Amino acid sequence: MLLTIRSLTKTFPGTLALDDVRFDLAAGEVHALLGENGAGKSTLIKCLTGAYRPDAGEITLDGAVVAPRSTGEAQELGIGTVYQEVNLLPNLTVAQNLCFGREPRRFGLVSSRGMKAMAEGMLDGYGLDIDVSRDLGTYSVAIQQIVAIARAVALSGKVLILDEPTASLDAREVEMLFDVVRGLRAQGLGIVFVSHFLDQVFDLSDRVTVLRNGRHIVTEDIAALDRVRLIEHMLGHALEDEVEARNAGHVEARRPPMLHFEGMARRGVIEGFDLEVGQGEVVGLAGLLGSGRTESAELLFGLRAATAGTARDQEGPLTLDSPRAAIRAGFGFAPEDRKTDGIVADLSVRENIALALQARRGWARPIPRAEQQRLAEMYIERLDIRTSDAEKAVGDLSGGNQQKVVLARWLAMNPRFLILDEPTRGIDVGAHAEILRLIHQLTDEGMSVLLISSELDELIAVSDRVIVVRDRRHVAELTGAGISTETIVHAIAQHARKDGEAA
Amino acid sequence: MNPRLLPLYATIAIFLVACVICYIQFPYMLSTRVLGNLLTDNAYLGIVAVGMTVVILSGGIDLSVGSVIAFSGVFIAVMLRDTGLPAPVVFVLLLIVTTAFGAAMGGLIHGLAMPPFIVTLAGMFLARGAAYMLTIDSVPIDDPFYEMLRKAYYLMPGKGRLTLIGMVMLLSFAVGMVIAHRTRFGASVYALGGGENTARLMGVQVGRTTVGIYAFSGFMAGLSGIVFSVYTGSGYPLATVGTELTAIAAVVIGGTLLTGGSGFVFGTFIGVMTMGLIQTYIVFDGTLSSWWTKIVIGGLLLLFIVLQKGLLRLTSARFSGGLA
Amino acid sequence: MQTLRRLAPQIVTLLAVCLLVTLFFPGFLDISMSGGRLVGPVIDILKRSAPVALLAIGMTLVIATRGIDLSVGTVIAICGAVAAWAIAGGMGLWAAVALAIGAGLLAGLWNGVLVAVIGIQPIVATLILMTAGRGIAQLITEGRILTFTDPGFAWFGSGTLFGMPVPAVIWIVTGVVMAQLMRRTALGLLVEAIGINRRASALAGVNALVLLIAVYMASGLCAALAGIITAADIRGADANNAGLWLELDAILAVVIGGNSLLGGRFSIAAALLGALIIQTIDTGILLAGFPSEYNLVIKAGLVVIILVLQSPRLATEWYFWRRSVREGPPPATTKEHAR
Amino acid sequence: QTVGFSQIGSESGWRAAETTLTKQQAEERGIDLKFSDAQQKQENQIAAIRSFIAQGVDAILLAPVVATGWDSVLEEAKEAEIPVVLLDRRVDSSDDLYLTAVGSDLVHEGKVAGEWLVNEVGDAECRVVELQGTTGSSPAIDRKTGFEEGIAGHDNIEIVRSQTGDFTRAQGKEVMESFLQAENGGKDICALYAHNDDMAVGAIQAIKEAGLKPGEDILIVSIDAVPDIFKAMADGEANATVELTPNMAGPAFDALDAYWKDGTMPEKFIQTESKLYTPEDDPAGEYESRKDLGY
Ligand SMILES: Nc1ncnc2c1ncn2[C@@H]1O[C@H](COP(=O)(O)OP(=O)(O)OP(=O)(O)O)[C@@H](O)[C@H]1O
Ligand SMILES: Nc1ncnc2c1ncn2[C@@H]1O[C@H](COP(=O)(O)OP(=O)(O)OP(=O)(O)O)[C@@H](O)[C@H]1O
Ligand SMILES: [Mg+2]
Ligand SMILES: [Mg+2]
């Protein structure tokens with residue numbers, strides 16, 4: 001065994017995050033680490049790389065006992081890691097991020113030319129054509145994620161750890177990443193792979209370890225498992241029927257229109273588009289990363305001022321010049337980047353859930369504590385948020401659970417039009433199904449939803465209508481039976497070709 | 001063009017415009033004499049601002065520097081008066097003391113996870129208090145070596161003097177630029193400014209770097225203290241009150257963000273020169289009363305910052321527009 | 001109960017400092033009644049802590065939004081000057097008070113707009129008023145100490161109410177009102193939210209812009225009250241010296257009160273205890289009769305000791321030690337500079 | 001003629017008066033005065049003098065914030081043949097670097113105050129409390145020394161407490177309060193010596209608030225002779241003050257005029273009078289005559 005972990009235990013105040021966990025990693029294998037949100041995957045990884053100090057347990061690498069005291073030491077041991085949240089520095093250039101700690105030097109001083117060459121070398125094979133001397137922060141999350149992976153790969157002499165690396169990548173980029181990983185496996189590296197996308201797990205990994213509530217449940221070869229069994233291991237019970245596709249049931253029932261957007265545009269950001277949303281309708285936005293889906297949503301929510309366009313409902317025109325105005329119009333928006341735009345880390349789960357509601361009521365009419373408590377408990381229960389209690393700071397929750405809290409905040413508002421930008425990113429299978437079911441339920445009650453997702457299956461499952469976005473333009477609209485993976489992919493590709501010809 | 005350079009360019013542009021305005025009003029302000037004065041008079045400020053830039057780049061702040069400069073002057077004066085040690089030895093002793101002082105503050109900041117603002121505030125009280133304890137008098141320095149340092153200058157055409165201490169400042173900026181932009185330590189400083197946890201996950205040795213940063217600032221404050229003592233030829237415990245705020249203002253005018261992680265040492269140089277220019281302008285004008293002096297300094301500060309912000313917004317809007 | 005636990009370190013520190021002063025000055029805790037007013041060092045401390053305590057109230061709110069207000073010391077001078085100018089100009093007591101408070105609010109509005117609307121970093125934004133404001137105050141007083149004799153106004157500085165010095169009453173009442181306002185309404189929550197993550201809060205519909213400005217105005221208001229007290233105390237406005245460097249003491253008080261400079265969770269009561277601790281140190285030094293050269297070193301030394309004892313990391317160590325779990329340095333705190 | 005004036009700052013009413021008078025005097029004589037406020041910073045003063053030299057003024061007035069550290073800049077002025085006149089505080093540079101110094105003798109002021117107290121109390125026991133100026137400033141140091149010289153040899157007079165009140169009213173009051181607390185409610189204090197009148201005025205309020213009578217229960221002696229102390233004196237609340245005239249510029253311009261005309265070298269130190277004022281000297285009248293001088 002390349003890496004073994006024995007009886008690892010880690011407690012946080014009020015939480016037993018890891019309880020006597022064991023884990024083995026062989027050279028030349030991809031070992032998937034699975035579990036629900038809050039199962040302890042990220043904690044295990046952080047203990048392994050010295051970011052956390054475990055309470056008890058032993059780690060051996062190549063037969064020698066190691067106890068990295070800092071992530072720097074772990075890197076020197078040959079363990080490269082991509083943490084769950086993109087953990088690079090947006091204020092440094094791409095090259096500085098890539099070479100950090102191993103900068104090429106000339107006469108004792110860092111050579112920027114050498115660094116540029118080194119960085120470009122490291123990015124080779126990821127199909128990325130970017131200027132490495134620009135700040136990382138100017139690039140999209142997806143690009144940052146790939147840079148983080150490239151850095152970890154270069155650092156990993158023996159072990160590469162990927163904690164949900166694919167959460168913000170699209171299919172093309174995932175494929176590219178997998179090629180890289182397979183190559184490394186062939187070179188004899190041990191790779192730990194965390195993901196909530198079971199397809200990817202089956203596609204890539206050799207063995208699987210499942211954690212549940214901080215405990216080790218099972219380690220098995222992937223070949224010996226099927227999807228249902230795996231989910232049972234993760235959840236501790238069987239998953240109720242997966243959500244059926246929406247358009248299968250509701251056939252072409254055109255819903256009464258509720259909101260009309262016309263010519264919404266912002267110069268340099270998104271070209272003008274029209275959008276009509278019916279009551280109880282789910283509109284999906286499909287497109288590649290960076291295509292302008294988030295920007296479309298931000299325009300509708302008043303987060304970016306539109307330079308043109310009007311919005312109205314049956315009553316008359318709506319002003320949407322700020323999030324507050326949009327909220328007043330009955331809109332809600334769960335953003336894709338939960339860390340910077342979603343959670344208020346130091347506030348408790350209860351306060352985070354009550355925040356938007358409170359903001360709408362105004363400061364002078366506080367929501368009574370008991371009411372907040374009720375709300376919090378209701379959503380903790382309904383969305384299955386894993387937390388020791390409602391008073392835990394949201395920042396201390398696992399990534400997926402943070403996402404659920406943001407969702408709960410907007411559900412508590414009971415908006416008539418809810419925009420969900422990648423609502424299931426980083427959410428486990430159980431909760432994933434739960435959220436999709438929730439969308440069904442809400443729309444049945446009359447709420448309209450705009451769903452942005454990179455997972456086509458998910459879009460297809462819940463959308464009444466799918467709009468394809470490409471190069472900051474809304475290029476196609478698919479309805480009813482016309483919605484399928486093939487048609488969407490086709491729409492994206494076709495327009496790409498047309499653009500190519502036009503250019 | 002790299003967008004991170006924009007604040008720097010904005011700063012330089014505004015500075016040049018300010019120079020032109022000064023020149024139009026007082027043509028004599030562009031003489032080598034005034035230029036030499038600008039370098040000499042702001043030497044101590046520039047040196048300490050180099051240290052401050054590094055601290056601020058790391059997301060910290062060092063309020064102790066003004067007091068440390070005063071302490072340095074008193075320390076040197078008292079040592080030269082009472083011990084008979086040669087001046088260079090006293091310099092070395094002093095630099096060791098101030099560097100250790102800075103390192104100790106860095107150690108507290110890291111070791112106890114306390115905010116730098118507060119630790120260095122206590123350091124500010126402590127250093128000034130230590131200066132008082134050495135002497136409450138102002139102590140003149142008559143040392144032949146000092147005489148030599150003081151008289152060391154290069155006479156530029158036009159009778160302007162490029163003094164030794166002015167050159168020490170220029171050298172400090174050069175060294176500061178190399179350290180901040182061309183060493184691993186500098187990279188770690190920027191990394192810390194970008195976010196401590198992230199920096200830690202990327203393998204920055206946070207503790208060692210923090211101690212190093214404040215030690216560097218302490219060293220620069222000590223060096224600035226030496227320069228200041230050469231400049232005034234004495235040690236005075238009440239000297240340089242509030243210099244830390246001037247230094248911070250210079251760093252900010254130079255385009256460095258107080259939240260850390262973004263900025264340039266060269267920008268600070270422009271910031272220091274800008275502050276000096278404002279002072280010179282006010283003296284040349286010579287009609288402002290005590291109170292209007294303060295108001296005008298505050299107003300000009302605001303003007304610079306707002307102009308910079310405006311310029312940045314304009315150019316970055318153009319920039320992102322061009323991308324589409 | 002929970003509040004008490006939050007305040008415990010500050011209370012313990014205050015008691016310890018009092019004990020220390022008593023060692024050097026045995027009569028420290030004596031309180032007597034004389035001519036209908038309470039007298040004694042402790043009462044003096046309650047009175048003398050008024051400016052810093054008032055500033056600390058506003059500063060706590062500003063710091064909770066991840067800001068800082070360096071201008072408060074100067075605002076004291078401005079408001080004092082305005083009040084003295086109004087009184088000396090015969091405008092009457094309440095007009096003077098109203099004008100001073102108006103000036104404080106205006107100063108806060110100015111800071112708030114620079115920070116929230118123009119987006120200048122708080123330290124720099126308030127540094128501008130800190131520099132220029134003293135000039136404005138001197139402009140009003142024309143550089144002299146503007147004195148007045150109005151006994152009604154002087155009452156704010158040296159009068160008594162139910163035996164207590166008026167300044168003490170003012171800061172205690174302001175503190176209680178402000179704390180209740182924050183906790184009985186949703187203001188406290190909203191202020192904390194924008195301090196922790198302004199972007200996310202704004203996205204959730206919190207009116208961050210208005211709240212930020214309001215917080216700086218609250219700070220200006222508190223500084224105005226402090227300015228009134230300071231001017232009333234010496235029956236004159238000393239534009240150059242009133243409130244000089246007091247902002248640093250106020251910030252210190254907020255931090256000794258265990259509030260994080262990174263914004264978020266705050267406690268006004270704890271900051272007020274911090275102000276009392278600082279004033280107790282200051283008065284203690286005076287009472288103990290050390291030569292004045294030592295004032296700063298003693299103060300700095302005590303402050304460092306207090307901060308070290310209260311430091312979050314030491315607290316974690318203490319927590320783990322009590323739970324007798326063997327633990328190396330505790331995990332990194334989850335606080336991160338928001339970018 | 002153009003004259004540059006580097007003033008320390010505007011930290012007290014006295015200094016504001018000095019500035020006002022200097023501007024007045026310059027105007028009367030038709031001199032173009034370039035004024036620079038250094039905000040209590042020596043470095044600003046040095047920079048200002050350098051700028052004056054660069055501008056080629058005809059003379060420089062300097063009110064130095066501190067005694068040391070002027071050698072090099074004064075040498076520069078000398079090289080440029082610009083006469084420098086020091087106002088109210090002295091420097092420890094060689095006296096050929098400046099034309100003359102106008103000022104009072106700070107030690108002497110303190111001594112006058114001390115001698116007054118010696119006279120006033122005779123052989124009675126007297127416990128004195130002292131309010132010092134800003135720690136480290138030269139008036140604080142010299143006035144302390146002078147006072148101690150004045151009371152030397154009189155063992156019945158003893159300074160029991162001495163603390164800094166930073167030359168301000170507010171601090172004067174606060175520190176006096178703690179003196180009163182520490183000295184048995186003030187009953188053990190016989191006299192207060194304050195390094196300037198502002199602190200004395202603050203202390204007088206503290207004494208009154210403590211239920212004692214300033215001027216009777218506690219003797220008050222201070223320095224500067226600003227208007228407000230005369231007001232207190234007229235009310236019987238202060239006993240003595242030593243004048244430090246803010247009109248330093250008058251003698252300075254006289255000396256400069258003579259020098260410009262025919263190169264007459266004035267004496268190196270033009271001492272202004274340190275006159276002692278007591279309630280016998282018509283305090284009310286003094287108040288009236290001073291109150292518009294910009295104090
Ligand atoms: N810094 C912390 N302080 C307190 N509790 C924490 C902290 N970090 C994690 N936890 C808790 O430890 C448990 C495990 O969290 P972890 O982040 O390891 O989950 P995960 O398996 O990675 O989940 P996800 O799939 O959502 O990322 C959770 O209950 C979480 O609330
Ligand atoms: N290749 C790129 N170069 C520079 N900026 C990019 C690039 N790709 C995306 N961006 C910018 O990064 C930001 C976030 O990108 P993101 O990938 O989230 O795109 P998006 O249009 O919001 O779509 P999606 O919701 O599909 O992710 C956007 O403002 C986008 O303009
Ligand atoms: Mg995780
Ligand atoms: Mg997006």
# chains A, B, ... in the order shown; residues from 1 in each chain; ligands from 1
>>> select_by_dssp(residues="stretch 81-161 of chain D", states="strand (DSSP E or B)", output="list in words")
Val84, Val85, Leu86, Leu87, Thr100, Ala101, Val102, Gly103, Cys126, Arg127, Val128, Val129, Glu130, Leu131, Gln132, Ile157, Glu158, Ile159, Val160 and Arg161 of chain D
>>> write_last_selection(atoms="N, CA, C and O atoms", output="short mmCIF file (atom, residue, chain, number, x, y, z; two decimals), in the first residue's frame")
data_model
loop_
_atom_site.label_atom_id
_atom_site.label_comp_id
_atom_site.auth_asym_id
_atom_site.auth_seq_id
_atom_site.Cartn_x
_atom_site.Cartn_y
_atom_site.Cartn_z
N VAL D 84 18.31 84.13 10.01
CA VAL D 84 17.26 83.39 10.71
C VAL D 84 17.08 83.98 12.10
O VAL D 84 18.08 84.22 12.81
N VAL D 85 15.84 84.24 12.47
CA VAL D 85 15.57 84.71 13.83
C VAL D 85 14.72 83.67 14.53
O VAL D 85 13.71 83.21 13.99
N LEU D 86 15.17 83.27 15.72
CA LEU D 86 14.42 82.27 16.48
C LEU D 86 13.40 82.97 17.36
O LEU D 86 13.68 84.00 17.95
N LEU D 87 12.21 82.39 17.42
CA LEU D 87 11.18 82.96 18.26
C LEU D 87 10.88 82.05 19.43
O LEU D 87 10.79 80.83 19.27
N THR D 100 19.58 86.18 15.58
CA THR D 100 19.29 86.43 16.99
C THR D 100 18.13 85.54 17.42
O THR D 100 17.47 84.93 16.58
N ALA D 101 17.92 85.46 18.72
CA ALA D 101 16.78 84.73 19.24
C ALA D 101 15.97 85.66 20.11
O ALA D 101 16.52 86.36 20.96
N VAL D 102 14.68 85.69 19.85
CA VAL D 102 13.80 86.50 20.69
C VAL D 102 13.02 85.53 21.56
O VAL D 102 12.45 84.57 21.05
N GLY D 103 13.02 85.75 22.84
CA GLY D 103 12.24 84.82 23.65
C GLY D 103 12.42 85.12 25.11
O GLY D 103 13.14 86.04 25.50
N CYS D 126 4.08 73.55 53.05
CA CYS D 126 3.28 73.62 51.84
C CYS D 126 3.55 72.44 50.93
O CYS D 126 4.67 72.22 50.49
N ARG D 127 2.49 71.67 50.71
CA ARG D 127 2.59 70.53 49.80
C ARG D 127 2.08 70.97 48.44
O ARG D 127 0.93 71.35 48.28
N VAL D 128 2.96 70.91 47.46
CA VAL D 128 2.63 71.43 46.13
C VAL D 128 2.36 70.28 45.17
O VAL D 128 3.04 69.26 45.20
N VAL D 129 1.35 70.44 44.34
CA VAL D 129 1.19 69.51 43.22
C VAL D 129 1.54 70.26 41.93
O VAL D 129 1.32 71.45 41.82
N GLU D 130 2.09 69.52 40.99
CA GLU D 130 2.59 70.15 39.77
C GLU D 130 1.93 69.53 38.54
O GLU D 130 1.85 68.30 38.43
N LEU D 131 1.44 70.38 37.67
CA LEU D 131 0.92 69.89 36.38
C LEU D 131 1.97 70.21 35.33
O LEU D 131 2.21 71.38 35.00
N GLN D 132 2.61 69.16 34.81
CA GLN D 132 3.65 69.38 33.83
C GLN D 132 3.08 69.55 32.44
O GLN D 132 1.99 69.08 32.14
N ILE D 157 8.53 73.73 51.60
CA ILE D 157 7.77 73.55 50.35
C ILE D 157 8.22 72.26 49.68
O ILE D 157 9.41 72.06 49.43
N GLU D 158 7.27 71.43 49.37
CA GLU D 158 7.61 70.13 48.81
C GLU D 158 6.67 69.79 47.67
O GLU D 158 5.45 69.96 47.81
N ILE D 159 7.23 69.35 46.54
CA ILE D 159 6.36 68.91 45.44
C ILE D 159 5.98 67.46 45.71
O ILE D 159 6.83 66.58 45.68
N VAL D 160 4.70 67.23 46.00
CA VAL D 160 4.32 65.87 46.38
C VAL D 160 3.82 65.05 45.20
O VAL D 160 3.90 63.83 45.20
N ARG D 161 3.27 65.74 44.22
CA ARG D 161 2.79 64.99 43.06
C ARG D 161 3.07 65.79 41.81
O ARG D 161 2.91 67.01 41.81
#
>>> residues_around(residues="stretch 114-128 of chain C", least_positions_apart="4", cutoff="8 Å", atoms="only C-alpha atoms", output="ChimeraX atom specification")
/B:249,252,258,298-299,301-302,305-306 /C:67-71,110,132-133,209,212-213
>>> residues_near_ligand(ligand="ligand 3", cutoff="8 Å", atoms="only C-alpha atoms and all ligand atoms", output="JSON, numbers by chain")
{"A": [37, 38, 40, 41, 42, 43, 84, 163, 164, 398, 399, 400]}
>>> residues_around(residues="B:Val89", least_positions_apart="5", cutoff="10 Å", atoms="only C-alpha atoms", output="list in words")
Leu80, Leu94 and Leu95 of chain B
>>> write_last_selection(atoms="all heavy atoms", output="PDB file, in the first residue's frame")
ATOM      1  N   LEU B  80      25.416  57.201  21.967  1.00  0.00           N
ATOM      2  CA  LEU B  80      26.616  57.938  21.552  1.00  0.00           C
ATOM      3  C   LEU B  80      27.098  58.838  22.684  1.00  0.00           C
ATOM      4  O   LEU B  80      28.294  59.004  22.885  1.00  0.00           O
ATOM      5  CB  LEU B  80      26.318  58.778  20.300  1.00  0.00           C
ATOM      6  CG  LEU B  80      26.143  57.982  19.003  1.00  0.00           C
ATOM      7  CD1 LEU B  80      25.847  58.917  17.851  1.00  0.00           C
ATOM      8  CD2 LEU B  80      27.387  57.156  18.703  1.00  0.00           C
ATOM      9  N   LEU B  94      21.198  49.146  17.176  1.00  0.00           N
ATOM     10  CA  LEU B  94      19.842  49.660  17.042  1.00  0.00           C
ATOM     11  C   LEU B  94      19.025  48.796  16.086  1.00  0.00           C
ATOM     12  O   LEU B  94      17.886  48.419  16.378  1.00  0.00           O
ATOM     13  CB  LEU B  94      19.859  51.096  16.518  1.00  0.00           C
ATOM     14  CG  LEU B  94      18.449  51.568  16.190  1.00  0.00           C
ATOM     15  CD1 LEU B  94      17.738  52.007  17.443  1.00  0.00           C
ATOM     16  CD2 LEU B  94      18.431  52.640  15.150  1.00  0.00           C
ATOM     17  N   LEU B  95      19.634  48.488  14.931  1.00  0.00           N
ATOM     18  CA  LEU B  95      18.881  47.708  13.946  1.00  0.00           C
ATOM     19  C   LEU B  95      18.521  46.343  14.519  1.00  0.00           C
ATOM     20  O   LEU B  95      17.445  45.805  14.242  1.00  0.00           O
ATOM     21  CB  LEU B  95      19.678  47.583  12.646  1.00  0.00           C
ATOM     22  CG  LEU B  95      19.777  48.908  11.882  1.00  0.00           C
ATOM     23  CD1 LEU B  95      20.671  48.775  10.667  1.00  0.00           C
ATOM     24  CD2 LEU B  95      18.395  49.373  11.464  1.00  0.00           C
TER      25      LEU B  95
END
>>> closest_residue(among="C:Leu29, C:Ile57, C:Ala214, C:Ile87", to="chain D", atoms="only C-alpha atoms")
C:Leu29
>>> interface_residues(of="chain A", to="chain C", cutoff="6 Å", atoms="only C-alpha atoms", output="PyMOL selection string")
chain A and resi 52+323-324+341-342+344+356+359+363-364+366
>>> write_last_selection(atoms="N, CA and C atoms", output="PDB file, in the first residue's frame")
ATOM      1  N   TYR A  52      -5.475  20.082   9.047  1.00  0.00           N
ATOM      2  CA  TYR A  52      -6.005  19.864  10.394  1.00  0.00           C
ATOM      3  C   TYR A  52      -5.075  18.902  11.098  1.00  0.00           C
ATOM      4  N   PRO A 323     -31.015  44.164  -6.229  1.00  0.00           N
ATOM      5  CA  PRO A 323     -31.582  42.937  -5.658  1.00  0.00           C
ATOM      6  C   PRO A 323     -32.795  43.237  -4.780  1.00  0.00           C
ATOM      7  N   ARG A 324     -32.737  44.376  -4.071  1.00  0.00           N
ATOM      8  CA  ARG A 324     -33.874  44.689  -3.210  1.00  0.00           C
ATOM      9  C   ARG A 324     -35.141  44.900  -4.024  1.00  0.00           C
ATOM     10  N   ASP A 341     -20.902  34.701  -2.361  1.00  0.00           N
ATOM     11  CA  ASP A 341     -22.181  35.369  -2.613  1.00  0.00           C
ATOM     12  C   ASP A 341     -23.332  34.800  -1.805  1.00  0.00           C
ATOM     13  N   GLY A 342     -23.120  33.640  -1.224  1.00  0.00           N
ATOM     14  CA  GLY A 342     -24.247  32.964  -0.600  1.00  0.00           C
ATOM     15  C   GLY A 342     -24.260  33.078   0.911  1.00  0.00           C
ATOM     16  N   VAL A 344     -23.329  33.712   4.881  1.00  0.00           N
ATOM     17  CA  VAL A 344     -22.690  34.686   5.769  1.00  0.00           C
ATOM     18  C   VAL A 344     -22.035  33.838   6.845  1.00  0.00           C
ATOM     19  N   ALA A 356     -32.825  36.806   4.629  1.00  0.00           N
ATOM     20  CA  ALA A 356     -33.520  37.481   3.536  1.00  0.00           C
ATOM     21  C   ALA A 356     -34.919  37.910   3.975  1.00  0.00           C
ATOM     22  N   ALA A 359     -34.571  40.916   6.046  1.00  0.00           N
ATOM     23  CA  ALA A 359     -34.242  42.095   5.252  1.00  0.00           C
ATOM     24  C   ALA A 359     -35.488  42.649   4.589  1.00  0.00           C
ATOM     25  N   TRP A 363     -35.686  46.445   9.362  1.00  0.00           N
ATOM     26  CA  TRP A 363     -34.993  46.224  10.632  1.00  0.00           C
ATOM     27  C   TRP A 363     -35.894  46.411  11.843  1.00  0.00           C
ATOM     28  N   ALA A 364     -36.965  47.196  11.676  1.00  0.00           N
ATOM     29  CA  ALA A 364     -37.749  47.555  12.848  1.00  0.00           C
ATOM     30  C   ALA A 364     -38.681  46.429  13.297  1.00  0.00           C
ATOM     31  N   PRO A 366     -38.358  42.817  13.902  1.00  0.00           N
ATOM     32  CA  PRO A 366     -37.556  41.596  13.944  1.00  0.00           C
ATOM     33  C   PRO A 366     -38.444  40.350  13.933  1.00  0.00           C
TER      34      PRO A 366
END
>>> residues_near_ligand(ligand="ligand 4", cutoff="10 Å", atoms="only C-alpha atoms and all ligand atoms", output="list in words")
Ser140, Val141, Ala142, Ser168, Gly287, Leu288, Leu289, Gly290, Ser291, Gly292, Arg293, Thr294, Glu295, Ser296, Ala297, Glu298, Pro335, Glu336, Asp337, Asp421, Glu422, Ile452, Ser453 and Ser454 of chain A
>>> select_by_dssp(residues="stretch 216-273 of chain C", states="helix (DSSP H, G or I)", output="PyMOL selection string")
chain C and resi 216-234+246-256+268-273
>>> residues_around(residues="B:Ile118", least_positions_apart="4", cutoff="10 Å", atoms="only C-alpha atoms", output="number ranges by chain")
B: 61-63, 109, 114, 122-124; C: 248, 251-252, 255-256, 261, 303-304, 307
>>> residues_near_ligand(ligand="ligand 1", cutoff="9 Å", atoms="only C-alpha atoms and all ligand atoms", output="ChimeraX atom specification")
/A:10-18,34-46,52,84,163-164,194-196,211-214,386-388,392-403,426-428 /C:331-334
>>> write_last_selection(atoms="C-alpha atoms", output="CSV table (one decimal), in the first residue's frame")
chain,number,residue,atom,x,y,z
A,10,LYS,CA,-11.1,14.2,14.6
A,11,THR,CA,-13.5,16.2,16.7
A,12,PHE,CA,-14.7,19.8,16.3
A,13,PRO,CA,-16.5,21.5,19.1
A,14,GLY,CA,-19.8,19.7,19.1
A,15,THR,CA,-19.1,17.4,16.2
A,16,LEU,CA,-17.3,14.1,15.8
A,17,ALA,CA,-16.3,14.6,12.2
A,18,LEU,CA,-14.2,11.5,11.9
A,34,LEU,CA,-17.7,8.9,-1.2
A,35,GLY,CA,-20.4,9.9,1.3
A,36,GLU,CA,-23.2,12.3,1.9
A,37,ASN,CA,-22.6,16.0,2.6
A,38,GLY,CA,-21.0,16.3,6.0
A,39,ALA,CA,-19.8,12.7,6.0
A,40,GLY,CA,-16.3,13.8,6.7
A,41,LYS,CA,-14.6,13.5,3.3
A,42,SER,CA,-13.0,16.9,3.3
A,43,THR,CA,-12.0,16.6,6.9
A,44,LEU,CA,-10.3,13.3,6.2
A,45,ILE,CA,-8.4,15.0,3.4
A,46,LYS,CA,-7.4,17.9,5.5
A,52,TYR,CA,-6.0,19.9,10.4
A,84,GLN,CA,-13.0,21.5,-2.2
A,163,ASP,CA,-11.9,17.0,-3.6
A,164,GLU,CA,-14.8,17.6,-5.9
A,194,VAL,CA,-14.1,12.8,-4.2
A,195,SER,CA,-17.2,13.5,-6.2
A,196,HIS,CA,-21.0,13.4,-5.9
A,211,LEU,CA,-18.0,7.3,4.7
A,212,ARG,CA,-21.2,7.9,6.6
A,213,ASN,CA,-21.4,10.2,9.7
A,214,GLY,CA,-17.7,10.2,10.1
A,386,ARG,CA,-26.5,18.1,8.5
A,387,THR,CA,-25.6,20.3,11.5
A,388,SER,CA,-25.3,19.7,15.2
A,392,LYS,CA,-23.8,26.3,14.4
A,393,ALA,CA,-22.0,28.8,12.3
A,394,VAL,CA,-22.7,28.1,8.6
A,395,GLY,CA,-19.0,28.4,7.8
A,396,ASP,CA,-18.4,25.3,9.9
A,397,LEU,CA,-20.8,23.2,7.8
A,398,SER,CA,-19.6,21.0,5.0
A,399,GLY,CA,-19.8,22.5,1.5
A,400,GLY,CA,-23.0,20.8,0.4
A,401,ASN,CA,-24.8,21.7,3.6
A,402,GLN,CA,-23.9,25.3,3.1
A,403,GLN,CA,-25.5,25.1,-0.3
A,426,GLY,CA,-21.5,19.8,-4.5
A,427,ILE,CA,-24.7,18.2,-3.2
A,428,ASP,CA,-24.9,14.5,-2.5
C,331,PRO,CA,-6.9,24.2,13.9
C,332,ALA,CA,-6.8,27.3,11.9
C,333,THR,CA,-9.6,29.6,12.7
C,334,THR,CA,-12.2,29.6,9.9
>>> interface_residues(of="chain D", to="chain B", cutoff="6 Å", atoms="only C-alpha atoms", output="PyMOL selection string")
chain D and resi 34-37+47+68-69+136
>>> interface_residues(of="chain A", to="chain B", cutoff="10 Å", atoms="only C-alpha atoms", output="ChimeraX atom specification")
/A:46,49-51,70-76,80-83,85-93,96-97,100-106,108-112,131,133-135,138,151-152,267-270,471-472
>>> residues_around(residues="C:Thr147", least_positions_apart="3", cutoff="7 Å", atoms="only C-alpha atoms", output="list in words")
Ala84, Arg235, Gly236 and Ala237 of chain C
